[in-house]
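Below: coords_22.txt (compact mmCIF, C-alpha atoms and all ligand atoms)
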# COMPACT_ATOMS: atom_id res chain seq x y z
CA MET A 11 0.00 0.00 0.00
CA LYS A 12 2.75 2.44 0.99
CA GLU A 13 4.63 1.65 -2.22
CA ALA A 14 1.52 2.39 -4.31
CA ILE A 15 1.13 5.78 -2.58
CA SER A 16 4.74 6.75 -3.12
CA LYS A 17 4.52 5.66 -6.77
CA ARG A 18 1.42 7.88 -7.16
CA GLU A 19 3.18 10.77 -5.40
CA GLU A 20 6.24 10.35 -7.61
CA GLY A 21 4.01 10.33 -10.67
CA GLN A 22 2.27 13.51 -9.54
CA ALA A 23 5.64 15.13 -8.78
CA LEU A 24 6.75 14.49 -12.38
CA ILE A 25 3.73 16.57 -13.45
CA ASP A 26 3.92 19.28 -10.76
CA ILE A 27 7.62 19.98 -11.31
CA TRP A 28 6.81 21.69 -14.65
CA ASN A 29 4.91 24.40 -12.71
CA TYR A 30 8.28 25.48 -11.30
CA VAL A 31 10.35 25.00 -14.44
CA PHE A 32 7.90 27.02 -16.57
CA GLY A 33 6.18 29.01 -13.79
CA PHE A 34 7.28 32.35 -15.26
CA THR A 35 5.12 31.60 -18.35
CA SER A 36 1.89 32.39 -16.46
CA MET A 37 3.12 35.84 -15.42
CA ALA A 38 4.48 36.55 -18.90
CA VAL A 39 1.24 35.59 -20.67
CA VAL A 40 -0.91 37.57 -18.21
CA LYS A 41 1.38 40.57 -18.77
CA CYS A 42 0.97 40.06 -22.54
CA ALA A 43 -2.85 39.94 -22.16
CA VAL A 44 -2.77 43.20 -20.15
CA ASP A 45 -0.43 44.87 -22.69
CA LEU A 46 -2.76 43.80 -25.52
CA GLY A 47 -5.73 45.08 -23.49
CA ILE A 48 -7.68 41.80 -23.70
CA PRO A 49 -9.45 42.18 -20.30
CA ASP A 50 -10.56 45.72 -21.21
CA VAL A 51 -11.67 44.83 -24.77
CA LEU A 52 -13.54 41.69 -23.68
CA VAL A 53 -16.13 43.58 -21.60
CA ASN A 54 -18.66 41.94 -23.96
CA PRO A 55 -18.18 38.31 -25.10
CA MET A 56 -16.41 38.01 -28.45
CA THR A 57 -15.42 35.38 -30.97
CA LEU A 58 -11.74 34.82 -31.76
CA SER A 59 -12.02 36.73 -35.04
CA GLU A 60 -13.81 39.66 -33.39
CA LEU A 61 -11.21 39.79 -30.62
CA SER A 62 -8.22 39.51 -32.97
CA SER A 63 -9.51 42.31 -35.19
CA ALA A 64 -10.34 44.47 -32.15
CA LEU A 65 -6.78 43.95 -30.86
CA GLY A 66 -5.14 44.04 -34.29
CA CYS A 67 -3.21 40.83 -33.62
CA SER A 68 -2.78 37.44 -35.30
CA PRO A 69 -5.75 35.15 -34.62
CA SER A 70 -3.54 32.04 -34.51
CA ALA A 71 -1.26 33.41 -31.79
CA LEU A 72 -4.23 34.93 -29.96
CA TYR A 73 -6.00 31.54 -30.04
CA ARG A 74 -3.03 29.94 -28.27
CA ILE A 75 -2.80 32.71 -25.67
CA MET A 76 -6.52 32.51 -24.92
CA ARG A 77 -6.33 28.69 -24.78
CA PHE A 78 -3.65 28.98 -22.08
CA LEU A 79 -5.50 31.70 -20.11
CA ILE A 80 -8.80 29.78 -20.29
CA HIS A 81 -7.01 26.69 -19.00
CA ARG A 82 -5.79 28.80 -16.04
CA GLY A 83 -9.29 30.12 -15.39
CA ILE A 84 -8.45 33.72 -16.33
CA PHE A 85 -10.98 33.82 -19.18
CA LYS A 86 -13.77 31.40 -20.13
CA GLU A 87 -15.15 30.00 -23.38
CA THR A 88 -18.89 29.52 -23.85
CA VAL A 89 -21.29 28.47 -26.61
CA ASN A 90 -21.89 31.15 -29.26
CA ASP A 91 -25.68 31.69 -29.44
CA ASN A 92 -25.31 33.77 -32.60
CA LYS A 93 -25.99 31.11 -35.22
CA GLU A 94 -25.22 33.58 -37.99
CA GLN A 95 -21.55 33.41 -36.98
CA LEU A 96 -19.30 30.55 -38.09
CA GLU A 97 -17.46 30.33 -34.76
CA SER A 98 -19.27 28.07 -32.31
CA THR A 99 -17.67 29.51 -29.15
CA ILE A 100 -17.11 32.96 -27.67
CA TYR A 101 -14.63 34.26 -25.11
CA ALA A 102 -15.91 35.92 -21.93
CA GLN A 103 -14.65 37.59 -18.74
CA THR A 104 -14.22 35.90 -15.35
CA PRO A 105 -13.75 37.46 -11.87
CA LEU A 106 -9.98 36.93 -12.37
CA SER A 107 -9.82 38.77 -15.73
CA ARG A 108 -11.88 41.66 -14.33
CA LEU A 109 -9.05 42.27 -11.83
CA LEU A 110 -6.81 42.78 -14.89
CA MET A 111 -8.88 45.61 -16.33
CA ARG A 112 -6.92 48.87 -16.19
CA ASN A 113 -9.76 50.85 -14.61
CA GLY A 114 -11.71 47.99 -13.08
CA ALA A 115 -12.72 47.75 -9.42
CA ASN A 116 -9.81 46.38 -7.38
CA SER A 117 -7.63 46.47 -10.50
CA MET A 118 -4.26 44.77 -9.91
CA VAL A 119 -2.80 46.00 -13.23
CA ASP A 120 -0.43 48.59 -11.75
CA LEU A 121 1.04 46.04 -9.33
CA LEU A 122 1.40 43.51 -12.15
CA LEU A 123 3.19 46.12 -14.30
CA LEU A 124 5.61 46.80 -11.42
CA GLU A 125 6.34 43.14 -10.70
CA THR A 126 6.82 42.32 -14.40
CA SER A 127 9.08 45.33 -15.07
CA PRO A 128 12.66 44.40 -16.06
CA VAL A 129 14.00 46.28 -13.01
CA MET A 130 11.88 44.18 -10.63
CA LEU A 131 12.40 40.90 -12.50
CA ALA A 132 16.19 41.17 -12.71
CA PRO A 133 16.80 40.74 -8.94
CA TRP A 134 15.09 37.35 -9.08
CA LEU A 135 17.83 36.19 -11.45
CA SER A 136 20.55 37.32 -9.05
CA LEU A 137 18.86 35.76 -6.01
CA SER A 138 21.76 33.34 -5.90
CA ALA A 139 23.33 31.23 -3.19
CA ARG A 140 26.22 33.74 -3.13
CA ALA A 141 23.89 36.67 -2.56
CA LEU A 142 22.06 34.77 0.17
CA ALA A 143 25.38 33.72 1.71
CA ASP A 144 26.96 37.17 1.90
CA GLY A 145 23.75 39.17 2.24
CA THR A 146 24.28 41.10 -0.99
CA SER A 147 21.10 42.91 -1.98
CA SER A 148 19.70 41.22 -5.08
CA PHE A 149 18.08 44.45 -6.19
CA GLN A 150 21.39 46.32 -5.84
CA ALA A 151 23.33 43.50 -7.58
CA ALA A 152 20.90 43.68 -10.50
CA ASN A 153 20.28 47.44 -10.71
CA GLY A 154 23.34 49.06 -9.14
CA GLU A 155 21.47 50.84 -6.29
CA GLU A 156 19.16 49.91 -3.44
CA ILE A 157 15.54 50.36 -4.43
CA TRP A 158 14.79 53.82 -2.97
CA ARG A 159 18.00 55.41 -4.29
CA TYR A 160 17.28 53.76 -7.63
CA ALA A 161 13.75 55.18 -7.58
CA ALA A 162 15.11 58.66 -6.78
CA LYS A 163 17.37 58.49 -9.87
CA ASN A 164 14.79 56.91 -12.18
CA PRO A 165 11.45 58.83 -12.11
CA ALA A 166 9.77 56.37 -14.50
CA HIS A 167 10.45 53.46 -12.16
CA CYS A 168 9.48 55.57 -9.14
CA LYS A 169 6.11 56.14 -10.84
CA LEU A 170 5.73 52.38 -11.41
CA ILE A 171 6.26 51.81 -7.66
CA ASP A 172 3.97 54.67 -6.63
CA ASP A 173 1.21 53.56 -9.01
CA ALA A 174 1.54 49.95 -7.78
CA MET A 175 1.32 51.00 -4.14
CA GLY A 176 -1.61 53.25 -5.00
CA CYS A 177 -3.33 50.29 -6.62
CA LEU A 178 -2.89 48.34 -3.38
CA ALA A 179 -4.02 51.26 -1.24
CA ARG A 180 -7.29 51.40 -3.21
CA ILE A 181 -7.88 47.83 -1.99
CA THR A 182 -6.44 47.88 1.52
CA VAL A 183 -7.67 51.26 2.86
CA PRO A 184 -11.37 50.60 2.10
CA ALA A 185 -10.95 47.16 3.72
CA ILE A 186 -9.45 48.74 6.86
CA LEU A 187 -12.28 51.33 6.98
CA ASP A 188 -14.86 48.58 6.44
CA HIS A 189 -13.51 46.26 9.14
CA HIS A 190 -12.20 48.76 11.71
CA PRO A 191 -13.66 52.30 11.30
CA GLU A 192 -13.23 52.82 15.05
CA ILE A 193 -9.47 53.16 14.55
CA PHE A 194 -9.94 56.65 13.11
CA GLU A 195 -12.38 58.03 15.68
CA GLY A 196 -11.10 60.99 17.73
CA ILE A 197 -8.24 61.74 15.33
CA THR A 198 -8.08 65.28 13.87
CA SER A 199 -4.69 64.98 12.17
CA LEU A 200 -2.87 61.95 10.80
CA VAL A 201 0.52 61.62 9.09
CA ASP A 202 1.00 58.75 6.63
CA VAL A 203 4.70 57.86 6.85
CA GLY A 204 6.00 56.53 3.54
CA GLY A 205 2.62 57.41 2.06
CA GLY A 206 3.87 57.37 -1.51
CA ASN A 207 1.76 59.46 -3.90
CA GLY A 208 -0.96 60.02 -1.28
CA THR A 209 -3.53 57.56 -2.62
CA ALA A 210 -4.08 55.96 0.80
CA LEU A 211 -4.61 59.31 2.54
CA SER A 212 -6.87 60.61 -0.23
CA ILE A 213 -9.21 57.67 0.43
CA LEU A 214 -8.91 58.03 4.20
CA VAL A 215 -9.70 61.75 4.42
CA LYS A 216 -12.63 61.33 2.03
CA ALA A 217 -14.11 58.69 4.33
CA CYS A 218 -13.10 60.58 7.49
CA PRO A 219 -13.45 64.29 6.57
CA TRP A 220 -12.67 65.25 10.17
CA ILE A 221 -9.06 64.18 9.63
CA LYS A 222 -6.36 66.50 8.21
CA GLY A 223 -3.96 64.29 6.27
CA ILE A 224 -0.20 64.78 6.03
CA ASN A 225 1.33 62.60 3.34
CA PHE A 226 5.00 62.15 4.29
CA ASP A 227 7.50 60.56 1.94
CA LEU A 228 10.88 61.20 0.33
CA PRO A 229 11.13 64.59 -1.44
CA HIS A 230 11.36 63.07 -4.93
CA VAL A 231 8.15 61.14 -4.26
CA VAL A 232 5.98 63.94 -2.86
CA SER A 233 7.28 66.41 -5.44
CA VAL A 234 5.28 64.58 -8.14
CA ALA A 235 2.32 63.53 -5.96
CA PRO A 236 -1.08 64.78 -7.18
CA HIS A 237 -3.13 67.29 -5.14
CA TYR A 238 -5.85 65.81 -2.93
CA ASP A 239 -8.27 67.95 -0.88
CA GLY A 240 -7.50 67.52 2.81
CA VAL A 241 -4.01 66.16 2.17
CA GLU A 242 -0.77 68.11 2.64
CA HIS A 243 2.33 66.56 1.02
CA VAL A 244 5.53 66.87 3.09
CA GLY A 245 8.96 65.64 1.93
CA GLY A 246 11.56 64.31 4.33
CA ASN A 247 13.38 61.32 5.77
CA MET A 248 11.53 59.12 8.27
CA PHE A 249 14.86 58.15 9.84
CA GLU A 250 15.44 61.80 10.77
CA ARG A 251 12.07 63.35 11.62
CA VAL A 252 8.37 62.67 11.18
CA PRO A 253 5.84 65.55 11.05
CA LYS A 254 3.77 65.82 14.26
CA ALA A 255 0.12 64.73 14.28
CA ASP A 256 -2.53 63.17 16.54
CA ALA A 257 -1.79 59.82 14.88
CA VAL A 258 0.87 58.22 12.73
CA PHE A 259 -0.19 55.77 10.01
CA ILE A 260 2.45 53.56 8.38
CA MET A 261 1.43 50.97 5.78
CA GLN A 262 3.67 48.43 4.00
CA VAL A 263 6.80 50.38 4.92
CA LEU A 264 8.28 48.50 7.88
CA HIS A 265 8.44 45.27 5.89
CA ASP A 266 11.11 46.99 3.77
CA TRP A 267 13.49 47.22 6.72
CA ASN A 268 15.30 45.03 9.32
CA ASP A 269 14.42 45.05 13.01
CA GLU A 270 16.87 47.78 14.02
CA GLU A 271 15.73 50.02 11.18
CA CYS A 272 12.06 49.39 12.05
CA ILE A 273 12.78 50.31 15.67
CA ASP A 274 14.50 53.51 14.54
CA ILE A 275 11.58 54.44 12.25
CA LEU A 276 8.97 53.71 14.94
CA LYS A 277 10.89 55.72 17.54
CA LYS A 278 10.71 58.74 15.20
CA CYS A 279 7.00 58.01 14.69
CA LYS A 280 6.46 57.76 18.46
CA GLU A 281 8.07 61.21 18.90
CA ALA A 282 5.61 62.60 16.32
CA ILE A 283 2.31 61.40 17.85
CA ARG A 284 0.33 63.63 20.23
CA ALA A 285 1.54 63.09 23.80
CA ASN A 286 -0.57 60.78 26.02
CA THR A 287 -3.54 60.41 23.63
CA GLY A 288 -1.73 59.91 20.32
CA LYS A 289 -2.09 56.74 18.23
CA MET A 290 0.29 54.66 16.08
CA ILE A 291 -1.44 52.72 13.29
CA ILE A 292 0.75 50.08 11.61
CA VAL A 293 -0.58 48.18 8.57
CA GLU A 294 1.48 45.12 7.74
CA VAL A 295 1.23 41.42 7.02
CA VAL A 296 1.36 39.07 10.04
CA VAL A 297 2.69 35.73 8.82
CA ASN A 298 0.74 32.89 10.40
CA GLU A 299 3.27 30.08 10.88
CA GLU A 300 0.94 27.97 12.97
CA GLU A 301 -1.68 27.21 10.37
CA ASP A 302 -2.15 27.28 6.65
CA ASP A 303 -4.67 30.09 6.19
CA LYS A 304 -5.81 31.09 2.68
CA TYR A 305 -3.51 34.14 2.61
CA LYS A 306 -0.36 32.25 3.63
CA ARG A 307 0.91 31.78 0.06
CA VAL A 308 0.51 35.53 -0.62
CA HIS A 309 2.30 36.34 2.62
CA LEU A 310 5.19 34.00 1.75
CA TYR A 311 5.34 35.45 -1.80
CA LEU A 312 5.59 38.89 -0.23
CA ASP A 313 8.37 37.81 2.12
CA LEU A 314 10.45 36.67 -0.86
CA ILE A 315 9.59 39.87 -2.75
CA MET A 316 11.12 41.73 0.17
CA MET A 317 14.20 39.47 -0.11
CA ALA A 318 14.49 40.22 -3.83
CA HIS A 319 13.57 43.91 -3.85
CA THR A 320 14.86 45.35 -0.59
CA ASP A 321 18.17 45.16 1.24
CA THR A 322 16.91 44.06 4.63
CA GLY A 323 13.12 43.75 4.40
CA LYS A 324 10.99 40.78 5.41
CA GLU A 325 7.44 39.85 6.41
CA ARG A 326 7.05 39.10 10.11
CA THR A 327 5.15 36.80 12.47
CA ARG A 328 3.20 38.10 15.47
CA LYS A 329 6.13 37.29 17.77
CA GLU A 330 8.54 39.19 15.52
CA TRP A 331 6.23 42.23 15.52
CA GLU A 332 5.86 42.05 19.30
CA TYR A 333 9.66 42.13 19.66
CA ILE A 334 9.81 45.34 17.64
CA LEU A 335 6.84 47.02 19.37
CA ASN A 336 8.24 46.24 22.81
CA ALA A 337 11.72 47.48 21.81
CA VAL A 338 10.19 50.82 20.77
CA GLY A 339 8.34 51.05 24.08
CA PHE A 340 4.77 50.48 22.88
CA SER A 341 3.62 48.67 26.00
CA ARG A 342 -0.04 48.61 24.99
CA TYR A 343 -1.11 47.53 21.49
CA THR A 344 -3.97 45.76 19.75
CA ILE A 345 -3.55 43.59 16.66
CA LYS A 346 -6.65 43.86 14.44
CA HIS A 347 -6.94 41.58 11.42
CA PHE A 348 -8.65 42.53 8.18
CA ASN A 349 -8.92 40.73 4.87
CA TYR A 350 -7.68 42.47 1.73
CA VAL A 351 -10.60 41.06 -0.10
CA GLN A 352 -14.25 40.96 0.79
CA SER A 353 -14.58 37.19 0.93
CA HIS A 354 -18.33 36.90 0.40
C1 LIG A 401 6.28 49.95 -0.25
S1 LIG A 401 6.05 51.65 -0.31
C2 LIG A 401 4.55 51.85 0.65
C3 LIG A 401 3.77 53.00 0.17
C4 LIG A 401 2.44 53.24 0.89
N1 LIG A 401 2.61 53.29 2.34
C5 LIG A 401 1.42 52.20 0.54
O1 LIG A 401 1.24 51.26 1.29
O2 LIG A 401 0.80 52.38 -0.50
C6 LIG A 401 7.28 52.26 0.79
C7 LIG A 401 7.37 53.78 0.79
O3 LIG A 401 8.38 54.19 1.72
C8 LIG A 401 9.01 55.36 1.19
N2 LIG A 401 10.30 55.58 1.85
C9 LIG A 401 11.43 54.84 1.70
N3 LIG A 401 12.42 55.35 2.45
C10 LIG A 401 11.90 56.45 3.11
C11 LIG A 401 12.43 57.41 4.01
N4 LIG A 401 13.71 57.34 4.42
N5 LIG A 401 11.62 58.40 4.46
C12 LIG A 401 10.32 58.47 4.05
N6 LIG A 401 9.74 57.60 3.18
C13 LIG A 401 10.55 56.59 2.71
C14 LIG A 401 9.12 55.03 -0.29
O4 LIG A 401 9.34 56.19 -1.08
C15 LIG A 401 7.77 54.37 -0.56
O5 LIG A 401 6.81 55.34 -0.97
O1 LIG A 402 7.01 44.80 -5.28
C1 LIG A 402 6.60 45.15 -4.16
C2 LIG A 402 5.35 44.76 -3.71
C3 LIG A 402 4.95 45.16 -2.44
C4 LIG A 402 3.68 44.78 -1.92
C5 LIG A 402 2.86 43.92 -2.64
C6 LIG A 402 1.65 43.53 -2.13
C7 LIG A 402 1.24 44.00 -0.89
O2 LIG A 402 0.04 43.60 -0.39
C8 LIG A 402 2.05 44.86 -0.18
C9 LIG A 402 3.25 45.25 -0.69
O3 LIG A 402 5.72 45.91 -1.63
C10 LIG A 402 6.93 46.27 -2.09
C11 LIG A 402 7.73 47.04 -1.24
O4 LIG A 402 7.29 47.38 -0.02
C12 LIG A 402 8.98 47.45 -1.65
O5 LIG A 402 9.71 48.20 -0.82
C13 LIG A 402 9.46 47.08 -2.91
C14 LIG A 402 8.67 46.33 -3.75
C15 LIG A 402 7.41 45.92 -3.34

Go through the file and emit its structure as structure tokens.
Amino acid sequence: MKEAISKREEGQALIDIWNYVFGFTSMAVVKCAVDLGIPDVLVNPMTLSELSSALGCSPSALYRIMRFLIHRGIFKETVNDNKEQLESTIYAQTPLSRLLMRNGANSMVDLLLLETSPVMLAPWLSLSARALADGTSSFQAANGEEIWRYAAKNPAHCKLIDDAMGCLARITVPAILDHHPEIFEGITSLVDVGGGNGTALSILVKACPWIKGINFDLPHVVSVAPHYDGVEHVGGNMFERVPKADAVFIMQVLHDWNDEECIDILKKCKEAIRANTGKMIIVEVVVNEEEDDKYKRVHLYLDLIMMAHTDTGKERTRKEWEYILNAVGFSRYTIKHFNYVQSH
């Protein structure tokens, strides 16, 4: 019996291994579909010939791309009810492809464009045993600078990062407001440290008009940030000084840094919050090592993204966050969970 199981497992392994040898194909074909604009064009079901003429691309190549994406559940193929047309099937959207529409609800396009950019892909190729052994930053090995200095010197890439983070903020901030609106009660001013182009704060102050928002990031980032009512952009360095406010909000920033750097950043944040009644709001992933929850794969992806894209960043478990919070002197804290997605 045991031998039969191991034979079956070995057989399955010979199939599964190809997911890792050719895994990049899925990302590349999804990127191709987004570049072609297939999710946006296919708002109404179309035949292959209608889609290829709408996109201006070869029907034979398009057929093969759609065949792959349908197999992965990104589009679907249904019976063509229009009997006047020769083609018996039509292509249609799915919930997955709607997330790849450039202006769709919860669009993930800007994050996909960041992750599939040559600058962000290159570090994965230098994520070698040597780099892991001597702690060389893969991003720096591939691009010559650590990510934030690189972004300061390359405005186009900085925009890719800012747009990607804005795309995430449009998903995470509404989820935070939906699950935990009480967090923002009693706050009249809030500084978003590492707030990027201000997308997160623009959503927050719209939902909480009693809050004055200060979007704090590096000078080269805020200098090109759009105007938002209720949001003041301030340039600076979070390792030196953070603008004062009732509350400090810091989202997906600490995971870019090691423990000592996080402690330094949070000490500057602690100095900035209103004495006695001020509030520190940290939005980060908490890796659940005990059980396999449905977000664990995303959290582990993210941890490796930090390994590839930052010098010292990582995702952290509850215990690892508690070490940092205690080291900063936050004796009292509450960990509130929220799901990125509204799992109906
Ligand atoms: C991963 S992004 C997070 C952006 C935003 N909080 C969000 O979640 O959408 C990290 C941000 O930290 C900013 N940052 C990096 N080093 C900084 C520093 N020394 N001072 C202030 N901001 C910094 C970057 O410019 C970037 O906007
Ligand atoms: O490439 C990234 C992606 C993220 C990221 C992705 C998804 C999330 O839910 C949160 C964050 O964060 C990054 C980051 O903080 C960074 O410094 C560089 C790259 C990325």

Closest atom pairs, chain A residues within 9 Å of ligand LIG 401 (chain A), only C-alpha atoms and all ligand atoms, as a tab-separated table:
residue	atom	partner	partner_atom	distance
A:Ile157	CA	A:LIG401	C9	8.6
A:Trp158	CA	A:LIG401	C9	5.8
A:Arg159	CA	A:LIG401	N3	8.8
A:Ala161	CA	A:LIG401	O4	7.9
A:Ala162	CA	A:LIG401	O4	8.5
A:Cys168	CA	A:LIG401	O4	8.1
A:Ile171	CA	A:LIG401	S1	7.4
A:Asp172	CA	A:LIG401	O5	6.4
A:Asp173	CA	A:LIG401	O2	8.6
A:Ala174	CA	A:LIG401	O2	7.7
A:Met175	CA	A:LIG401	O2	3.9
A:Gly176	CA	A:LIG401	O2	5.2
A:Cys177	CA	A:LIG401	O2	7.7
A:Leu178	CA	A:LIG401	O2	6.2
A:Ala179	CA	A:LIG401	O2	5.0
A:Arg180	CA	A:LIG401	O2	8.6
A:Thr182	CA	A:LIG401	O1	8.4
A:Asp202	CA	A:LIG401	N1	7.1
A:Val203	CA	A:LIG401	N6	6.2
A:Gly204	CA	A:LIG401	O3	3.8
A:Gly205	CA	A:LIG401	N1	4.1
A:Gly206	CA	A:LIG401	O5	3.6
A:Asn207	CA	A:LIG401	O5	7.1
A:Gly208	CA	A:LIG401	O2	7.9
A:Thr209	CA	A:LIG401	O2	7.1
A:Ala210	CA	A:LIG401	O2	6.2
A:Phe226	CA	A:LIG401	C12	6.5
A:Asp227	CA	A:LIG401	N6	3.9
A:Leu228	CA	A:LIG401	C12	4.6
A:Pro229	CA	A:LIG401	C12	8.3
A:His230	CA	A:LIG401	O4	8.1
A:Val231	CA	A:LIG401	O4	6.0
A:Val232	CA	A:LIG401	O4	8.6
A:Gly245	CA	A:LIG401	C12	7.6
A:Gly246	CA	A:LIG401	N5	5.9
A:Asn247	CA	A:LIG401	N5	3.7
A:Met248	CA	A:LIG401	N5	3.9
A:Phe249	CA	A:LIG401	N4	5.6
A:Glu250	CA	A:LIG401	N4	8.0
A:Arg251	CA	A:LIG401	N5	8.7
A:Val252	CA	A:LIG401	C12	8.5
A:Phe259	CA	A:LIG401	N1	8.5
A:Ile260	CA	A:LIG401	N1	6.0
A:Met261	CA	A:LIG401	N1	4.3
A:Gln262	CA	A:LIG401	O1	4.6
A:Val263	CA	A:LIG401	C6	4.6
A:Leu264	CA	A:LIG401	C6	8.1
A:His265	CA	A:LIG401	C1	8.0
A:Asp266	CA	A:LIG401	C1	6.9
A:Ile275	CA	A:LIG401	N4	8.6
A:Val293	CA	A:LIG401	O1	8.1
A:Glu294	CA	A:LIG401	O1	8.9

**Message:** Please determine, counting only C-alpha atoms, which residue among A:Ala143, A:Cys272, A:Leu135, A:Val119 has the shortest atom-to-atom distance to Leu335 in chain A.
**Reply:** A:Cys272

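Distances to Ala217 in chain A were evaluated for A:Ala115, A:Lys280, A:His237, A:Phe194 using only C-alpha atoms, and the minimum falls at A:Phe194.
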
**Fill in**
With distances taken over all atoms listed in the file, the candidate from A:Ile186, A:Met118, A:Ala255, A:Ile84 nearest ligand LIG 402 (chain A) is A:Met118

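Within 10 Å of Gly196 in chain A, once all atoms listed in the file are used and residues closer than 2 positions along the same chain are dropped, the contacting residues are A:Glu192, A:Ile193, A:Phe194, A:Thr198, A:Ser199, A:Trp220, A:Ile221, A:Asp256, A:Ala257, A:Thr287, A:Gly288, A:Lys289.
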
**Asked** Suppose you want the space between CA of Ile283 in chain A and CA of Pro219 in chain A; what is it in Å?
**Response** 19.6 Å

Please rebuild range 253-272 of chain A with N, CA and C atoms and return the result as an mmCIF file, in the frame of the given file.
data_model
loop_
_atom_site.group_PDB
_atom_site.id
_atom_site.type_symbol
_atom_site.label_atom_id
_atom_site.label_comp_id
_atom_site.auth_asym_id
_atom_site.auth_seq_id
_atom_site.Cartn_x
_atom_site.Cartn_y
_atom_site.Cartn_z
ATOM 1 N N PRO A 253 6.709 64.421 10.692
ATOM 2 C CA PRO A 253 5.840 65.550 11.050
ATOM 3 C C PRO A 253 4.880 65.169 12.185
ATOM 4 N N LYS A 254 4.618 66.104 13.095
ATOM 5 C CA LYS A 254 3.770 65.820 14.260
ATOM 6 C C LYS A 254 2.294 65.756 13.855
ATOM 7 N N ALA A 255 1.561 64.854 14.535
ATOM 8 C CA ALA A 255 0.120 64.730 14.280
ATOM 9 C C ALA A 255 -0.511 63.950 15.442
ATOM 10 N N ASP A 256 -1.852 63.970 15.510
ATOM 11 C CA ASP A 256 -2.530 63.170 16.540
ATOM 12 C C ASP A 256 -2.144 61.705 16.404
ATOM 13 N N ALA A 257 -2.062 61.255 15.125
ATOM 14 C CA ALA A 257 -1.790 59.820 14.880
ATOM 15 C C ALA A 257 -0.803 59.673 13.733
ATOM 16 N N VAL A 258 -0.036 58.590 13.823
ATOM 17 C CA VAL A 258 0.870 58.220 12.730
ATOM 18 C C VAL A 258 0.354 56.928 12.113
ATOM 19 N N PHE A 259 0.272 56.927 10.778
ATOM 20 C CA PHE A 259 -0.190 55.770 10.010
ATOM 21 C C PHE A 259 0.994 55.321 9.156
ATOM 22 N N ILE A 260 1.316 54.041 9.194
ATOM 23 C CA ILE A 260 2.450 53.560 8.380
ATOM 24 C C ILE A 260 2.077 52.209 7.798
ATOM 25 N N MET A 261 1.950 52.168 6.453
ATOM 26 C CA MET A 261 1.430 50.970 5.780
ATOM 27 C C MET A 261 2.461 50.417 4.800
ATOM 28 N N GLN A 262 2.751 49.132 4.916
ATOM 29 C CA GLN A 262 3.670 48.430 4.000
ATOM 30 C C GLN A 262 4.980 49.194 3.838
ATOM 31 N N VAL A 263 5.479 49.721 4.928
ATOM 32 C CA VAL A 263 6.800 50.380 4.920
ATOM 33 C C VAL A 263 7.787 49.583 5.757
ATOM 34 N N LEU A 264 7.351 49.177 6.954
ATOM 35 C CA LEU A 264 8.280 48.500 7.880
ATOM 36 C C LEU A 264 8.782 47.180 7.308
ATOM 37 N N HIS A 265 7.991 46.561 6.446
ATOM 38 C CA HIS A 265 8.440 45.270 5.890
ATOM 39 C C HIS A 265 9.613 45.453 4.929
ATOM 40 N N ASP A 266 9.948 46.727 4.632
ATOM 41 C CA ASP A 266 11.110 46.990 3.770
ATOM 42 C C ASP A 266 12.425 46.999 4.536
ATOM 43 N N TRP A 267 12.328 46.931 5.898
ATOM 44 C CA TRP A 267 13.490 47.220 6.720
ATOM 45 C C TRP A 267 13.753 46.121 7.762
ATOM 46 N N ASN A 268 14.995 46.047 8.286
ATOM 47 C CA ASN A 268 15.300 45.030 9.320
ATOM 48 C C ASN A 268 14.833 45.543 10.675
ATOM 49 N N ASP A 269 14.981 44.719 11.688
ATOM 50 C CA ASP A 269 14.420 45.050 13.010
ATOM 51 C C ASP A 269 14.959 46.368 13.546
ATOM 52 N N GLU A 270 16.273 46.538 13.472
ATOM 53 C CA GLU A 270 16.870 47.780 14.020
ATOM 54 C C GLU A 270 16.339 48.997 13.275
ATOM 55 N N GLU A 271 16.228 48.892 11.982
ATOM 56 C CA GLU A 271 15.730 50.020 11.180
ATOM 57 C C GLU A 271 14.251 50.286 11.504
ATOM 58 N N CYS A 272 13.482 49.217 11.673
ATOM 59 C CA CYS A 272 12.060 49.390 12.050
ATOM 60 C C CYS A 272 11.959 50.098 13.398
#
